[in-house]
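First up is the structure itself, then whatever we jot down about it.
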Amino acid sequence: MTVSPTVLHALTERLASALDAHLARAVDWLPHEYVPWSQGRDFAELAWEEAQSRLSTPVRAAVTVNLLTEDNLPGYHGTLARLYDDRDPWRSWLDRWTAEEGRHAIVLRDYLLVTRAVDPSALEADRMATVSGGYRAPEKDLLRAIAYVTFQELATRVAHRATGRLSGDAGLDALLRRVATDENLHMVLYRDLVDAALDVDPAAMLRAIVDEVAGFEMPGTGIPGFTRRAAVIARAGIYDLRVHRDEVVLPLLRHWRVFDRDDLPPDAEHVHDQLAAVVAELDRRVSRLGSRRQLVTA
Ligand SMILES: [Fe+2]
Ligand SMILES: [Fe+2]
């Protein structure tokens, strides 16, 4: 924890109420109910072949990257455990969030394997490589971390919904909508924490938002072939820089009213200029794309 005691106190109070609200809203769904088990066959009886899947290459790439990202949960848990206070409500939230994210990996893997959408041996090799590589998070304080996870949870929700829509597969769409609803609740909780920090230290929180908009990177960059797979996902329009700006960054900046705040101390007014500059740079990168799709990297 590297934030001031005042900010930490405000965040802790807000997290206590946000966690209660999360637990009241969260639906306890069952992953096995979203998997068409009757389609399953032993791989020893019928070897895997790509043609067995009806899903398109970009949809399979998107679900696989999302699964491998979820598989690396121990790395994120460790990173957040070091960053968060070891007492409640931080500890309870981290444990609950971990349990929910683990459910996402379970349902995605079961679905991909039963429907033969992925080579099971290659998937396991990629999981071993991803998790063995760990998660090396850049050094961040708590304010940058809550800004990052707000953007990241919303990005995941948007990507899941787009993947489901594009899949033409009602079962996968229903599953991804279910997972996206969880990601949305995670986003809402973190967005709420950012709101609390903006109330007590708007300059520090805005600076953290500037840094995270400027350097955003999805957590799956350690997945084998991530750049190639992200390019396939971007070209299909599932998630690219334009989607990132229009459906993730700008809606959150509007929610936090970042440009309307009149409560910045005089020595922090320049933070508005910094934020305007990183948004303008994002606009420039998006407009340079033209009809090309660009993946989201820092
Ligand atoms: Fe998830
Ligand atoms: Fe999530």
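By order in the structure tokens, chains are A, B, ...; within a chain, residues start at 1; ligands start at 1, following the order shown.
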Could you give me the residues within 10 Å of ligand 1, counting only C-alpha atoms and all ligand atoms, as a VMD selection string?
chain A and resid 66 to 67 69 to 71 73 97 to 105 108 153 156 to 157 160 179 to 184 186
Kindly save the residues from that selection, with N, CA and C atoms included, as a PDB file, in the first residue's frame.
ATOM      1  N   ASN A  66      -8.588 -15.616 -23.958  1.00  0.00           N
ATOM      2  CA  ASN A  66      -9.276 -15.301 -22.698  1.00  0.00           C
ATOM      3  C   ASN A  66      -9.094 -16.405 -21.668  1.00  0.00           C
ATOM      4  N   LEU A  67      -9.166 -17.660 -22.137  1.00  0.00           N
ATOM      5  CA  LEU A  67      -8.982 -18.781 -21.211  1.00  0.00           C
ATOM      6  C   LEU A  67      -7.562 -18.771 -20.629  1.00  0.00           C
ATOM      7  N   THR A  69      -5.578 -16.359 -20.339  1.00  0.00           N
ATOM      8  CA  THR A  69      -5.462 -15.199 -19.437  1.00  0.00           C
ATOM      9  C   THR A  69      -6.050 -15.550 -18.072  1.00  0.00           C
ATOM     10  N   GLU A  70      -7.231 -16.171 -18.081  1.00  0.00           N
ATOM     11  CA  GLU A  70      -7.863 -16.588 -16.808  1.00  0.00           C
ATOM     12  C   GLU A  70      -7.010 -17.645 -16.099  1.00  0.00           C
ATOM     13  N   ASP A  71      -6.376 -18.529 -16.887  1.00  0.00           N
ATOM     14  CA  ASP A  71      -5.548 -19.583 -16.289  1.00  0.00           C
ATOM     15  C   ASP A  71      -4.408 -19.014 -15.444  1.00  0.00           C
ATOM     16  N   LEU A  73      -4.434 -16.918 -13.281  1.00  0.00           N
ATOM     17  CA  LEU A  73      -5.008 -16.323 -12.072  1.00  0.00           C
ATOM     18  C   LEU A  73      -4.077 -16.350 -10.850  1.00  0.00           C
ATOM     19  N   TRP A  97     -13.175 -12.565  -5.565  1.00  0.00           N
ATOM     20  CA  TRP A  97     -12.869 -12.286  -6.973  1.00  0.00           C
ATOM     21  C   TRP A  97     -12.111 -13.462  -7.598  1.00  0.00           C
ATOM     22  N   THR A  98     -11.164 -14.015  -6.832  1.00  0.00           N
ATOM     23  CA  THR A  98     -10.372 -15.142  -7.322  1.00  0.00           C
ATOM     24  C   THR A  98     -11.276 -16.345  -7.614  1.00  0.00           C
ATOM     25  N   ALA A  99     -12.224 -16.592  -6.711  1.00  0.00           N
ATOM     26  CA  ALA A  99     -13.146 -17.729  -6.917  1.00  0.00           C
ATOM     27  C   ALA A  99     -13.985 -17.514  -8.175  1.00  0.00           C
ATOM     28  N   GLU A 100     -14.431 -16.289  -8.403  1.00  0.00           N
ATOM     29  CA  GLU A 100     -15.257 -16.010  -9.584  1.00  0.00           C
ATOM     30  C   GLU A 100     -14.437 -16.135 -10.867  1.00  0.00           C
ATOM     31  N   GLU A 101     -13.216 -15.600 -10.866  1.00  0.00           N
ATOM     32  CA  GLU A 101     -12.390 -15.688 -12.065  1.00  0.00           C
ATOM     33  C   GLU A 101     -12.021 -17.149 -12.371  1.00  0.00           C
ATOM     34  N   GLY A 102     -11.808 -17.942 -11.322  1.00  0.00           N
ATOM     35  CA  GLY A 102     -11.507 -19.366 -11.522  1.00  0.00           C
ATOM     36  C   GLY A 102     -12.658 -20.074 -12.235  1.00  0.00           C
ATOM     37  N   ARG A 103     -13.868 -19.692 -11.918  1.00  0.00           N
ATOM     38  CA  ARG A 103     -15.047 -20.271 -12.568  1.00  0.00           C
ATOM     39  C   ARG A 103     -15.039 -19.974 -14.075  1.00  0.00           C
ATOM     40  N   HIS A 104     -14.541 -18.792 -14.438  1.00  0.00           N
ATOM     41  CA  HIS A 104     -14.484 -18.448 -15.866  1.00  0.00           C
ATOM     42  C   HIS A 104     -13.545 -19.395 -16.616  1.00  0.00           C
ATOM     43  N   ALA A 105     -12.401 -19.684 -16.006  1.00  0.00           N
ATOM     44  CA  ALA A 105     -11.457 -20.605 -16.659  1.00  0.00           C
ATOM     45  C   ALA A 105     -12.085 -21.994 -16.788  1.00  0.00           C
ATOM     46  N   LEU A 108     -14.806 -21.952 -19.652  1.00  0.00           N
ATOM     47  CA  LEU A 108     -14.223 -21.755 -20.990  1.00  0.00           C
ATOM     48  C   LEU A 108     -13.478 -23.012 -21.437  1.00  0.00           C
ATOM     49  N   GLU A 153     -11.166  -4.935 -16.623  1.00  0.00           N
ATOM     50  CA  GLU A 153     -12.413  -5.713 -16.467  1.00  0.00           C
ATOM     51  C   GLU A 153     -13.427  -5.300 -17.536  1.00  0.00           C
ATOM     52  N   THR A 156     -12.438  -6.767 -20.871  1.00  0.00           N
ATOM     53  CA  THR A 156     -12.770  -8.188 -20.941  1.00  0.00           C
ATOM     54  C   THR A 156     -14.264  -8.375 -21.215  1.00  0.00           C
ATOM     55  N   ARG A 157     -15.093  -7.569 -20.553  1.00  0.00           N
ATOM     56  CA  ARG A 157     -16.534  -7.656 -20.795  1.00  0.00           C
ATOM     57  C   ARG A 157     -16.846  -7.375 -22.272  1.00  0.00           C
ATOM     58  N   HIS A 160     -15.651 -10.262 -24.536  1.00  0.00           N
ATOM     59  CA  HIS A 160     -16.518 -11.451 -24.423  1.00  0.00           C
ATOM     60  C   HIS A 160     -17.813 -11.252 -25.205  1.00  0.00           C
ATOM     61  N   VAL A 179     -20.393 -14.839 -18.438  1.00  0.00           N
ATOM     62  CA  VAL A 179     -19.075 -14.434 -17.927  1.00  0.00           C
ATOM     63  C   VAL A 179     -18.936 -12.906 -17.982  1.00  0.00           C
ATOM     64  N   ALA A 180     -19.429 -12.308 -19.082  1.00  0.00           N
ATOM     65  CA  ALA A 180     -19.323 -10.845 -19.234  1.00  0.00           C
ATOM     66  C   ALA A 180     -20.098 -10.119 -18.136  1.00  0.00           C
ATOM     67  N   THR A 181     -21.195 -10.706 -17.677  1.00  0.00           N
ATOM     68  CA  THR A 181     -21.954 -10.084 -16.578  1.00  0.00           C
ATOM     69  C   THR A 181     -21.102 -10.047 -15.305  1.00  0.00           C
ATOM     70  N   ASP A 182     -20.371 -11.119 -15.050  1.00  0.00           N
ATOM     71  CA  ASP A 182     -19.441 -11.118 -13.899  1.00  0.00           C
ATOM     72  C   ASP A 182     -18.376 -10.033 -14.065  1.00  0.00           C
ATOM     73  N   GLU A 183     -17.793  -9.962 -15.286  1.00  0.00           N
ATOM     74  CA  GLU A 183     -16.722  -8.977 -15.511  1.00  0.00           C
ATOM     75  C   GLU A 183     -17.268  -7.566 -15.312  1.00  0.00           C
ATOM     76  N   ASN A 184     -18.533  -7.381 -15.711  1.00  0.00           N
ATOM     77  CA  ASN A 184     -19.131  -6.063 -15.533  1.00  0.00           C
ATOM     78  C   ASN A 184     -19.244  -5.705 -14.044  1.00  0.00           C
ATOM     79  N   HIS A 186     -17.342  -6.813 -11.680  1.00  0.00           N
ATOM     80  CA  HIS A 186     -15.977  -6.507 -11.204  1.00  0.00           C
ATOM     81  C   HIS A 186     -15.614  -5.063 -11.574  1.00  0.00           C
TER      82      HIS A 186
END
Residues within 8 Å of A:Ala10, please, as an MDAnalysis selection string. Count only C-alpha atoms; anything in the same chain fewer than 3 positions from it doesn't count.
chainID A and resid 6:7 13:14 196:197 200
Can you write just those residues out, N, CA, C and O atoms, as a PDB file, in the first residue's frame?
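Contents of the output file selection-v8.pdb:
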ATOM      1  N   THR A   6      -5.293   8.756   4.400  1.00  0.00           N
ATOM      2  CA  THR A   6      -6.639   9.287   4.135  1.00  0.00           C
ATOM      3  C   THR A   6      -7.277   8.571   2.949  1.00  0.00           C
ATOM      4  O   THR A   6      -8.449   8.173   2.989  1.00  0.00           O
ATOM      5  N   VAL A   7      -6.487   8.415   1.887  1.00  0.00           N
ATOM      6  CA  VAL A   7      -7.018   7.742   0.690  1.00  0.00           C
ATOM      7  C   VAL A   7      -7.310   6.273   1.009  1.00  0.00           C
ATOM      8  O   VAL A   7      -8.360   5.743   0.634  1.00  0.00           O
ATOM      9  N   GLU A  13     -13.343   2.018   3.255  1.00  0.00           N
ATOM     10  CA  GLU A  13     -14.771   2.206   3.561  1.00  0.00           C
ATOM     11  C   GLU A  13     -15.628   1.923   2.338  1.00  0.00           C
ATOM     12  O   GLU A  13     -16.657   1.261   2.413  1.00  0.00           O
ATOM     13  N   ARG A  14     -15.194   2.450   1.170  1.00  0.00           N
ATOM     14  CA  ARG A  14     -15.985   2.250  -0.042  1.00  0.00           C
ATOM     15  C   ARG A  14     -15.997   0.784  -0.451  1.00  0.00           C
ATOM     16  O   ARG A  14     -17.005   0.256  -0.895  1.00  0.00           O
ATOM     17  N   ALA A 196     -14.283   6.852  -5.267  1.00  0.00           N
ATOM     18  CA  ALA A 196     -13.983   7.197  -3.868  1.00  0.00           C
ATOM     19  C   ALA A 196     -12.648   7.932  -3.779  1.00  0.00           C
ATOM     20  O   ALA A 196     -12.511   8.926  -3.046  1.00  0.00           O
ATOM     21  N   ALA A 197     -11.642   7.460  -4.527  1.00  0.00           N
ATOM     22  CA  ALA A 197     -10.332   8.113  -4.503  1.00  0.00           C
ATOM     23  C   ALA A 197     -10.410   9.505  -5.131  1.00  0.00           C
ATOM     24  O   ALA A 197      -9.750  10.443  -4.659  1.00  0.00           O
ATOM     25  N   VAL A 200     -11.514  12.057  -2.536  1.00  0.00           N
ATOM     26  CA  VAL A 200     -10.603  12.505  -1.471  1.00  0.00           C
ATOM     27  C   VAL A 200      -9.273  13.061  -1.983  1.00  0.00           C
ATOM     28  O   VAL A 200      -8.685  13.926  -1.346  1.00  0.00           O
TER      29      VAL A 200
END
Closest of A:Leu113, A:Ala145, A:Leu185, A:Ala277 to ligand 2 - atom-to-atom distances counting only C-alpha atoms and all ligand atoms:
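Between A:Leu113, A:Ala145, A:Leu185, A:Ala277, the residue approaching ligand 2 most closely is A:Leu185.
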Which one is closest to ligand 2: A:Phe216, A:Tyr135, A:Tyr111, A:Tyr76? Count only C-alpha atoms and all ligand atoms.
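Of all the options, A:Tyr76 lies closest to ligand 2.
If you measure from each of A:Val149, A:Val249, A:Val232, A:Ala159 to A:Arg191 using only C-alpha atoms, the closest one turns out to be A:Val149.
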So which one's closest to A:Ser38, A:Met205, A:Trp93, A:Gly164, A:Val114? Using only C-alpha atoms, please.
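Ranking A:Met205, A:Trp93, A:Gly164, A:Val114 by distance to A:Ser38, first place goes to A:Val114.
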Extract, using only C-alpha atoms, all DNA, RNA and protein residues at most 12 Å from A:Ala170, discarding same-chain residues fewer than 4 positions from it, and format them as a list in words.
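Surrounding residues, per the criterion: Tyr34, Val35, Pro36, Leu55, Thr163, Gly164, Arg165, Leu166, Ala174, Leu175, Leu176 and Arg177 of chain A.
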Next, dump the selected residues to file, keeping only N, CA and C atoms, as a short mmCIF file (atom, residue, chain, number, x, y, z; two decimals), in the first residue's frame.
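Here's the written file part.cif:
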data_model
loop_
_atom_site.label_atom_id
_atom_site.label_comp_id
_atom_site.auth_asym_id
_atom_site.auth_seq_id
_atom_site.Cartn_x
_atom_site.Cartn_y
_atom_site.Cartn_z
N TYR A 34 -23.50 -24.71 -18.65
CA TYR A 34 -23.26 -23.98 -19.91
C TYR A 34 -22.45 -24.80 -20.91
N VAL A 35 -22.24 -26.08 -20.61
CA VAL A 35 -21.38 -26.90 -21.47
C VAL A 35 -22.21 -28.04 -22.09
N PRO A 36 -22.16 -28.19 -23.44
CA PRO A 36 -22.95 -29.25 -24.11
C PRO A 36 -22.25 -30.59 -24.01
N LEU A 55 -16.57 -23.15 -35.10
CA LEU A 55 -16.24 -21.75 -34.78
C LEU A 55 -15.15 -21.22 -35.72
N THR A 163 -17.16 -11.39 -28.94
CA THR A 163 -16.84 -12.76 -29.37
C THR A 163 -18.12 -13.59 -29.48
N GLY A 164 -18.98 -13.47 -28.47
CA GLY A 164 -20.24 -14.23 -28.49
C GLY A 164 -21.10 -13.84 -29.68
N ARG A 165 -21.20 -12.53 -29.94
CA ARG A 165 -22.03 -12.05 -31.07
C ARG A 165 -21.50 -12.60 -32.39
N LEU A 166 -20.17 -12.59 -32.53
CA LEU A 166 -19.57 -13.00 -33.79
C LEU A 166 -19.59 -14.52 -33.98
N ALA A 174 -24.33 -17.51 -25.01
CA ALA A 174 -24.95 -17.49 -23.68
C ALA A 174 -23.88 -17.58 -22.59
N LEU A 175 -22.91 -18.45 -22.81
CA LEU A 175 -21.82 -18.63 -21.84
C LEU A 175 -21.02 -17.32 -21.69
N LEU A 176 -20.69 -16.72 -22.84
CA LEU A 176 -19.86 -15.51 -22.78
C LEU A 176 -20.65 -14.33 -22.21
N ARG A 177 -21.97 -14.30 -22.45
CA ARG A 177 -22.78 -13.24 -21.82
C ARG A 177 -22.78 -13.42 -20.30
#
